[in-house]
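S.K.: File name final18.pdb; file contents PDB, C-alpha atoms; full text below.
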ATOM      1  CA  MET A 238      25.212  -5.657  21.253  1.00  0.00           C
ATOM      2  CA  SER A 239      28.509  -5.225  19.421  1.00  0.00           C
ATOM      3  CA  ALA A 240      28.836  -2.755  16.579  1.00  0.00           C
ATOM      4  CA  ASP A 241      29.321  -5.667  14.206  1.00  0.00           C
ATOM      5  CA  GLY A 242      26.200  -7.377  15.459  1.00  0.00           C
ATOM      6  CA  ALA A 243      24.220  -4.168  15.070  1.00  0.00           C
ATOM      7  CA  GLN A 244      25.457  -3.777  11.515  1.00  0.00           C
ATOM      8  CA  HIS A 245      23.993  -7.154  10.580  1.00  0.00           C
ATOM      9  CA  GLN A 246      20.557  -6.341  12.007  1.00  0.00           C
ATOM     10  CA  PRO A 247      19.715  -3.172  10.061  1.00  0.00           C
ATOM     11  CA  VAL A 248      15.941  -3.676   9.936  1.00  0.00           C
ATOM     12  CA  ARG A 249      15.519  -4.603  13.596  1.00  0.00           C
ATOM     13  CA  ASN A 250      17.775  -1.705  14.603  1.00  0.00           C
ATOM     14  CA  LEU A 251      15.603   0.734  12.656  1.00  0.00           C
ATOM     15  CA  LEU A 252      12.411  -0.669  14.179  1.00  0.00           C
ATOM     16  CA  ASP A 253      13.906  -0.341  17.665  1.00  0.00           C
ATOM     17  CA  LYS A 254      14.862   3.295  16.985  1.00  0.00           C
ATOM     18  CA  LEU A 255      11.393   4.075  15.685  1.00  0.00           C
ATOM     19  CA  LYS A 256       9.713   2.447  18.674  1.00  0.00           C
ATOM     20  CA  GLU A 257      11.974   4.360  21.053  1.00  0.00           C
ATOM     21  CA  SER A 258      11.056   7.632  19.348  1.00  0.00           C
ATOM     22  CA  THR A 259       7.313   7.054  19.965  1.00  0.00           C
ATOM     23  CA  LYS A 260       7.708   6.987  23.761  1.00  0.00           C
ATOM     24  CA  ASP A 261       5.473   9.514  25.537  1.00  0.00           C
ATOM     25  CA  ARG A 262       4.231  10.884  22.206  1.00  0.00           C
ATOM     26  CA  ASP A 263       0.749  10.744  20.699  1.00  0.00           C
ATOM     27  CA  SER A 264       2.112  11.424  17.236  1.00  0.00           C
ATOM     28  CA  LEU A 265       5.425  11.606  15.460  1.00  0.00           C
ATOM     29  CA  THR A 266       6.490  14.006  12.721  1.00  0.00           C
ATOM     30  CA  PHE A 267       8.560  12.842   9.779  1.00  0.00           C
ATOM     31  CA  GLY A 268      11.271  15.181  11.038  1.00  0.00           C
ATOM     32  CA  ALA A 269      11.336  13.240  14.308  1.00  0.00           C
ATOM     33  CA  VAL A 270      11.610  10.001  12.342  1.00  0.00           C
ATOM     34  CA  MET A 271      14.596  11.451  10.487  1.00  0.00           C
ATOM     35  CA  ASP A 272      16.200  12.451  13.772  1.00  0.00           C
ATOM     36  CA  ALA A 273      15.680   8.933  15.185  1.00  0.00           C
ATOM     37  CA  VAL A 274      17.099   7.190  12.120  1.00  0.00           C
ATOM     38  CA  GLY A 275      19.872   9.690  11.403  1.00  0.00           C
ATOM     39  CA  ARG A 276      19.715  12.595   8.996  1.00  0.00           C
ATOM     40  CA  ASN A 277      22.974  11.597   7.319  1.00  0.00           C
ATOM     41  CA  SER A 278      21.808   8.054   6.588  1.00  0.00           C
ATOM     42  CA  PHE A 279      20.084   8.160   3.213  1.00  0.00           C
ATOM     43  CA  ALA A 280      19.909   4.366   2.977  1.00  0.00           C
ATOM     44  CA  SER A 281      18.271   4.060   6.409  1.00  0.00           C
ATOM     45  CA  LEU A 282      15.640   6.643   5.504  1.00  0.00           C
ATOM     46  CA  MET A 283      15.012   4.883   2.194  1.00  0.00           C
ATOM     47  CA  LEU A 284      14.570   1.626   4.097  1.00  0.00           C
ATOM     48  CA  VAL A 285      12.130   3.239   6.550  1.00  0.00           C
ATOM     49  CA  ILE A 286       9.998   4.680   3.748  1.00  0.00           C
ATOM     50  CA  GLY A 287       9.982   1.323   1.968  1.00  0.00           C
ATOM     51  CA  LEU A 288       8.897  -0.442   5.165  1.00  0.00           C
ATOM     52  CA  ILE A 289       6.039   2.052   5.664  1.00  0.00           C
ATOM     53  CA  MET A 290       4.869   1.420   2.096  1.00  0.00           C
ATOM     54  CA  MET A 291       5.130  -2.352   2.541  1.00  0.00           C
ATOM     55  CA  VAL A 292       2.712  -2.492   5.471  1.00  0.00           C
ATOM     56  CA  PRO A 293      -0.979  -2.947   4.638  1.00  0.00           C
ATOM     57  CA  GLY A 294      -2.789   0.185   5.774  1.00  0.00           C
ATOM     58  CA  PRO A 295      -0.513   3.224   5.341  1.00  0.00           C
ATOM     59  CA  ALA A 296       0.076   2.546   1.651  1.00  0.00           C
ATOM     60  CA  ASP A 297      -3.699   2.182   1.113  1.00  0.00           C
ATOM     61  CA  ILE A 298      -4.454   5.724   2.300  1.00  0.00           C
ATOM     62  CA  PRO A 299      -5.069   7.940  -0.767  1.00  0.00           C
ATOM     63  CA  GLY A 300      -2.168  10.301  -1.323  1.00  0.00           C
ATOM     64  CA  VAL A 301       0.252   8.571   1.043  1.00  0.00           C
ATOM     65  CA  PRO A 302       2.112   6.529  -1.635  1.00  0.00           C
ATOM     66  CA  THR A 303       2.503   9.681  -3.728  1.00  0.00           C
ATOM     67  CA  LEU A 304       3.796  11.680  -0.735  1.00  0.00           C
ATOM     68  CA  LEU A 305       6.254   8.925   0.166  1.00  0.00           C
ATOM     69  CA  GLY A 306       7.271   8.701  -3.477  1.00  0.00           C
ATOM     70  CA  GLY A 307       8.070  12.415  -3.432  1.00  0.00           C
ATOM     71  CA  ILE A 308      10.292  11.919  -0.399  1.00  0.00           C
ATOM     72  CA  VAL A 309      12.040   9.014  -2.124  1.00  0.00           C
ATOM     73  CA  ILE A 310      12.787  11.264  -5.107  1.00  0.00           C
ATOM     74  CA  LEU A 311      14.290  13.907  -2.795  1.00  0.00           C
ATOM     75  CA  LEU A 312      16.468  11.288  -1.092  1.00  0.00           C
ATOM     76  CA  ALA A 313      17.584   9.600  -4.305  1.00  0.00           C
ATOM     77  CA  VAL A 314      18.438  12.893  -6.037  1.00  0.00           C
ATOM     78  CA  GLN A 315      20.512  13.981  -3.037  1.00  0.00           C
ATOM     79  CA  MET A 316      22.284  10.617  -3.025  1.00  0.00           C
ATOM     80  CA  LEU A 317      23.111  11.100  -6.707  1.00  0.00           C
ATOM     81  CA  MET A 318      24.512  14.530  -5.791  1.00  0.00           C
ATOM     82  CA  ASN A 319      26.622  12.838  -3.085  1.00  0.00           C
ATOM     83  CA  ARG A 320      25.306  15.111  -0.340  1.00  0.00           C
ATOM     84  CA  ASP A 321      26.348  14.429   3.255  1.00  0.00           C
ATOM     85  CA  HIS A 322      23.060  15.323   4.940  1.00  0.00           C
ATOM     86  CA  VAL A 323      19.406  14.894   4.037  1.00  0.00           C
ATOM     87  CA  TRP A 324      17.353  17.980   3.208  1.00  0.00           C
ATOM     88  CA  ILE A 325      13.560  17.697   3.327  1.00  0.00           C
ATOM     89  CA  PRO A 326      11.088  20.618   2.982  1.00  0.00           C
ATOM     90  CA  SER A 327       9.806  21.833   6.337  1.00  0.00           C
ATOM     91  CA  TRP A 328       6.169  21.100   5.428  1.00  0.00           C
ATOM     92  CA  VAL A 329       7.103  17.447   4.874  1.00  0.00           C
ATOM     93  CA  GLU A 330       9.022  17.338   8.148  1.00  0.00           C
ATOM     94  CA  ARG A 331       5.892  18.561   9.930  1.00  0.00           C
ATOM     95  CA  ARG A 332       3.671  15.774   8.569  1.00  0.00           C
ATOM     96  CA  GLU A 333       2.542  13.561  11.417  1.00  0.00           C
ATOM     97  CA  LEU A 334       1.797   9.886  11.963  1.00  0.00           C
ATOM     98  CA  LYS A 335      -0.048   8.642  15.020  1.00  0.00           C
ATOM     99  CA  SER A 336       2.316   6.862  17.397  1.00  0.00           C
ATOM    100  CA  GLU A 337      -0.218   4.048  17.660  1.00  0.00           C
ATOM    101  CA  THR A 338      -0.088   3.576  13.881  1.00  0.00           C
ATOM    102  CA  ILE A 339       3.709   3.425  13.982  1.00  0.00           C
ATOM    103  CA  LYS A 340       3.638   0.888  16.817  1.00  0.00           C
ATOM    104  CA  LYS A 341       1.217  -1.326  14.859  1.00  0.00           C
ATOM    105  CA  MET A 342       3.478  -1.079  11.817  1.00  0.00           C
ATOM    106  CA  ILE A 343       6.506  -2.045  13.916  1.00  0.00           C
ATOM    107  CA  ALA A 344       4.657  -5.033  15.436  1.00  0.00           C
ATOM    108  CA  TRP A 345       3.602  -6.200  11.966  1.00  0.00           C
ATOM    109  CA  LEU A 346       7.185  -5.934  10.692  1.00  0.00           C
ATOM    110  CA  ARG A 347       8.907  -7.748  13.582  1.00  0.00           C
ATOM    111  CA  LYS A 348       8.785 -11.237  12.095  1.00  0.00           C
ATOM    112  CA  PRO A 349       9.653 -10.193   8.520  1.00  0.00           C
ATOM    113  CA  ALA A 350      12.503  -8.129  10.004  1.00  0.00           C
ATOM    114  CA  GLN A 351      14.026 -11.214  11.646  1.00  0.00           C
ATOM    115  CA  TRP A 352      13.948 -13.062   8.327  1.00  0.00           C
ATOM    116  CA  ILE A 353      15.292 -10.094   6.337  1.00  0.00           C
ATOM    117  CA  ASP A 354      18.161  -9.531   8.767  1.00  0.00           C
ATOM    118  CA  SER A 355      19.004 -13.245   8.666  1.00  0.00           C
ATOM    119  CA  ILE A 356      19.560 -13.163   4.895  1.00  0.00           C
ATOM    120  CA  ALA A 357      21.070  -9.668   4.483  1.00  0.00           C
ATOM    121  CA  ARG A 358      24.851  -9.713   4.659  1.00  0.00           C
ATOM    122  CA  PRO A 359      27.867  -8.421   2.718  1.00  0.00           C
ATOM    123  CA  ARG A 360      28.143 -10.439  -0.513  1.00  0.00           C
ATOM    124  CA  LEU A 361      28.668  -9.850  -4.220  1.00  0.00           C
ATOM    125  CA  SER A 362      30.278  -6.615  -3.089  1.00  0.00           C
ATOM    126  CA  TRP A 363      31.317  -5.831  -6.657  1.00  0.00           C
ATOM    127  CA  LEU A 364      27.623  -5.069  -7.272  1.00  0.00           C
ATOM    128  CA  ILE A 365      27.678  -2.377  -4.554  1.00  0.00           C
ATOM    129  CA  ASN A 366      29.806   0.481  -5.823  1.00  0.00           C
ATOM    130  CA  ARG A 367      29.236   4.114  -6.714  1.00  0.00           C
ATOM    131  CA  GLY A 368      27.982   3.219 -10.187  1.00  0.00           C
ATOM    132  CA  SER A 369      25.553   0.541  -9.061  1.00  0.00           C
ATOM    133  CA  ILE A 370      24.251   2.712  -6.208  1.00  0.00           C
ATOM    134  CA  SER A 371      23.498   5.375  -8.821  1.00  0.00           C
ATOM    135  CA  VAL A 372      21.527   2.745 -10.764  1.00  0.00           C
ATOM    136  CA  LEU A 373      19.569   1.914  -7.595  1.00  0.00           C
ATOM    137  CA  ASP A 374      18.906   5.620  -7.051  1.00  0.00           C
ATOM    138  CA  LEU A 375      17.574   5.978 -10.589  1.00  0.00           C
ATOM    139  CA  ALA A 376      15.396   2.875 -10.163  1.00  0.00           C
ATOM    140  CA  ALA A 377      14.032   4.316  -6.901  1.00  0.00           C
ATOM    141  CA  ILE A 378      13.215   7.580  -8.686  1.00  0.00           C
ATOM    142  CA  ALA A 379      11.430   5.653 -11.449  1.00  0.00           C
ATOM    143  CA  ILE A 380       9.320   3.785  -8.896  1.00  0.00           C
ATOM    144  CA  ALA A 381       8.579   6.991  -6.983  1.00  0.00           C
ATOM    145  CA  LEU A 382       7.403   8.701 -10.193  1.00  0.00           C
ATOM    146  CA  SER A 383       4.968   5.833 -10.736  1.00  0.00           C
ATOM    147  CA  THR A 384       3.329   6.068  -7.295  1.00  0.00           C
ATOM    148  CA  PRO A 385       0.385   8.253  -8.451  1.00  0.00           C
ATOM    149  CA  PHE A 386      -0.569   5.446 -10.865  1.00  0.00           C
ATOM    150  CA  LEU A 387       0.085   2.714  -8.301  1.00  0.00           C
ATOM    151  CA  GLU A 388      -2.664   4.140  -6.089  1.00  0.00           C
ATOM    152  CA  PHE A 389      -5.166   2.779  -8.621  1.00  0.00           C
ATOM    153  CA  ILE A 390      -3.687  -0.748  -8.713  1.00  0.00           C
ATOM    154  CA  PRO A 391      -4.406  -2.846  -5.588  1.00  0.00           C
ATOM    155  CA  MET A 392      -1.293  -3.959  -3.650  1.00  0.00           C
ATOM    156  CA  SER A 393       1.094  -2.400  -6.170  1.00  0.00           C
ATOM    157  CA  ALA A 394       2.167   0.336  -3.726  1.00  0.00           C
ATOM    158  CA  ASN A 395       3.104  -2.415  -1.260  1.00  0.00           C
ATOM    159  CA  VAL A 396       5.267  -4.063  -3.933  1.00  0.00           C
ATOM    160  CA  ALA A 397       6.858  -0.670  -4.610  1.00  0.00           C
ATOM    161  CA  GLY A 398       7.628  -0.484  -0.901  1.00  0.00           C
ATOM    162  CA  VAL A 399       9.383  -3.848  -1.090  1.00  0.00           C
ATOM    163  CA  ALA A 400      11.605  -2.585  -3.902  1.00  0.00           C
ATOM    164  CA  ILE A 401      12.396   0.716  -2.164  1.00  0.00           C
ATOM    165  CA  ALA A 402      13.144  -1.034   1.135  1.00  0.00           C
ATOM    166  CA  ALA A 403      15.403  -3.438  -0.759  1.00  0.00           C
ATOM    167  CA  PHE A 404      17.355  -0.508  -2.231  1.00  0.00           C
ATOM    168  CA  GLY A 405      18.044   0.875   1.237  1.00  0.00           C
ATOM    169  CA  LEU A 406      18.805  -2.535   2.714  1.00  0.00           C
ATOM    170  CA  ALA A 407      21.209  -3.448  -0.083  1.00  0.00           C
ATOM    171  CA  ILE A 408      23.236  -0.300   0.536  1.00  0.00           C
ATOM    172  CA  LEU A 409      23.155  -0.628   4.339  1.00  0.00           C
ATOM    173  CA  ALA A 410      24.163  -4.299   4.345  1.00  0.00           C
ATOM    174  CA  ARG A 411      26.493  -3.984   1.313  1.00  0.00           C
ATOM    175  CA  ASP A 412      24.505  -6.869  -0.172  1.00  0.00           C
ATOM    176  CA  GLY A 413      24.856  -7.092  -3.938  1.00  0.00           C
ATOM    177  CA  LEU A 414      22.379  -9.957  -4.195  1.00  0.00           C
ATOM    178  CA  ILE A 415      19.590  -7.913  -2.615  1.00  0.00           C
ATOM    179  CA  ALA A 416      20.538  -5.044  -4.927  1.00  0.00           C
ATOM    180  CA  ALA A 417      20.047  -7.348  -7.915  1.00  0.00           C
ATOM    181  CA  VAL A 418      16.731  -8.637  -6.554  1.00  0.00           C
ATOM    182  CA  SER A 419      15.523  -5.058  -6.023  1.00  0.00           C
ATOM    183  CA  VAL A 420      16.214  -4.224  -9.669  1.00  0.00           C
ATOM    184  CA  VAL A 421      14.324  -7.360 -10.777  1.00  0.00           C
ATOM    185  CA  THR A 422      11.429  -6.344  -8.508  1.00  0.00           C
ATOM    186  CA  THR A 423      11.417  -2.911 -10.133  1.00  0.00           C
ATOM    187  CA  ILE A 424      11.206  -4.447 -13.600  1.00  0.00           C
ATOM    188  CA  GLY A 425       8.371  -6.725 -12.441  1.00  0.00           C
ATOM    189  CA  LEU A 426       6.508  -3.775 -10.933  1.00  0.00           C
ATOM    190  CA  PHE A 427       6.692  -1.746 -14.119  1.00  0.00           C
ATOM    191  CA  SER A 428       5.575  -4.769 -16.118  1.00  0.00           C
ATOM    192  CA  LEU A 429       2.526  -4.981 -13.836  1.00  0.00           C
ATOM    193  CA  VAL A 430       1.774  -1.275 -14.231  1.00  0.00           C
ATOM    194  CA  ILE A 431       2.051  -1.424 -18.017  1.00  0.00           C
ATOM    195  CA  TYR A 432      -0.183  -4.517 -18.108  1.00  0.00           C
ATOM    196  CA  GLN A 433      -2.836  -2.922 -15.864  1.00  0.00           C
ATOM    197  CA  LEU A 434      -2.863   0.355 -17.749  1.00  0.00           C
ATOM    198  CA  SER A 435      -2.812  -1.147 -21.237  1.00  0.00           C
TER     199      SER A 435
END
Spit out the file's structure as structure tokens when you get a sec.
M.R.:
Amino acid sequence: MSADGAQHQPVRNLLDKLKESTKDRDSLTFGAVMDAVGRNSFASLMLVIGLIMMVPGPADIPGVPTLLGGIVILLAVQMLMNRDHVWIPSWVERRELKSETIKKMIAWLRKPAQWIDSIARPRLSWLINRGSISVLDLAAIAIALSTPFLEFIPMSANVAGVAIAAFGLAILARDGLIAAVSVVTTIGLFSLVIYQLS
């Protein structure tokens, strides 16, 4: 595949890298996931975390949305600081996921990935600049801070995953439209949380 073709298939490329990293392993640490995706690719890691939260199952395990939310905060803060490489605490890097769980997640995401990659492309590029990326980072932090509450609202963590994945995808694909949709999704999510908690 050409470099250009790979660039326009960001979700499928990430799934392929994750699947490759599970070979001959019973489990996979988050550090290994970072190595597979690329430790200098904040957007890719944000996309991976969003995809994990989107899938029914992982996001329903108590404590997992909050843990993933904490990682999102670390990534977003480092993006705001314009760091070149991702830093994650060693205890987070050592957290493990069963390879079988990852493979099931990848299989579940294959069809949505084809659709997502078919619509993600460079457009409305004026919406993807340093200022707007900072807005996306702040929105991601806001969602991540809400994850402890989302654990009590059915399916809301999955919606949060959609928004977080959209942040990463928008930056990777330089897609201003997806960036705008992700902000709208964030507003809708917080409206849901406020309604449920009121």
S.K.: Go through A:Val323, A:Leu364, A:Val421, A:Ile380 one by one, measure the shortest atom-to-atom distance of each to Asp272 of chain A using all atoms listed in the file, and give the residue with the smallest value.
M.R.: A:Val323
S.K.: In terms of the shortest atom-to-atom distance over all atoms listed in the file, which of A:Leu317, A:Ala394, A:Leu406, A:Leu311 is closest to Ile353 of chain A?
M.R.: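 Closest candidate: A:Leu406.
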S.K.: Near Pro302 of chain A, within 12 Å and counting only C-alpha atoms, which residues show up once chain neighbours fewer than 5 positions away are dropped, as an MDAnalysis selection string?
M.R.: chainID A and resid 286:297 307:309 380:390 392:398 401
S.K.: Quick one: pull the distance between atom CA of Met342 of chain A and atom CA of Val399 of chain A, Å, one decimal.
M.R.: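 Calculated distance between atom CA of Met342 of chain A and atom CA of Val399 of chain A is 14.5 Å.
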S.K.: Taking all atoms listed in the file into account, which of A:Ile431, A:Thr259, A:Asp321, A:Ser419 comes nearest Glu337 of chain A?
M.R.: A:Thr259
S.K.: Suppose you want the space between atom CA of Ser428 of chain A and atom CA of Val301 of chain A; what is it in Å?
M.R.: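 Atom CA of Ser428 of chain A sits 22.4 Å away from atom CA of Val301 of chain A.
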S.K.: Once the PyMOL selection byres ((chain A and resi 325-336) around 6) is applied to the coordinates I shared, what remains selected? I want it as an MDAnalysis selection string.
M.R.: chainID A and resid 259 263:268 324 337:339
S.K.: Decode the PyMOL selection byres ((chain A and resi 357) around 12) for the given file into explicit residues and return them as a PyMOL selection string.
M.R.: chain A and resi 244-249+350-356+358-361+403-416+418
S.K.: Would you place a box with edges along x, y and z of the file around all atoms of segment 270-273 of chain A listed there, add 4 Å to each of its six sides, and report the centre and edge lengths in Å to one decimal, as AutoDock Vina command-line options?
M.R.:
--center_x 13.9 --center_y 10.7 --center_z 12.8 --size_x 12.6 --size_y 11.5 --size_z 12.7
S.K.: Rounded to one decimal place, report the atom CA of Arg347 of chain A-atom CA of Leu373 of chain A distance in Å.
M.R.: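 That distance, rounded to one decimal, is 25.6 Å.
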S.K.: Just checking: using only C-alpha atoms, which residue out of A:Gly300, A:Ala344, A:Ile424, A:Ala402 ends up closest to Asp253 of chain A?
M.R.: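 Looking only at the distances to Asp253 of chain A, the closest residue turns out to be A:Ala344.
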S.K.: Given the file shown, determine the residues that the PyMOL selection byres ((chain A and resi 273) around 9) selects; report them as a count of residues only.
M.R.: 13
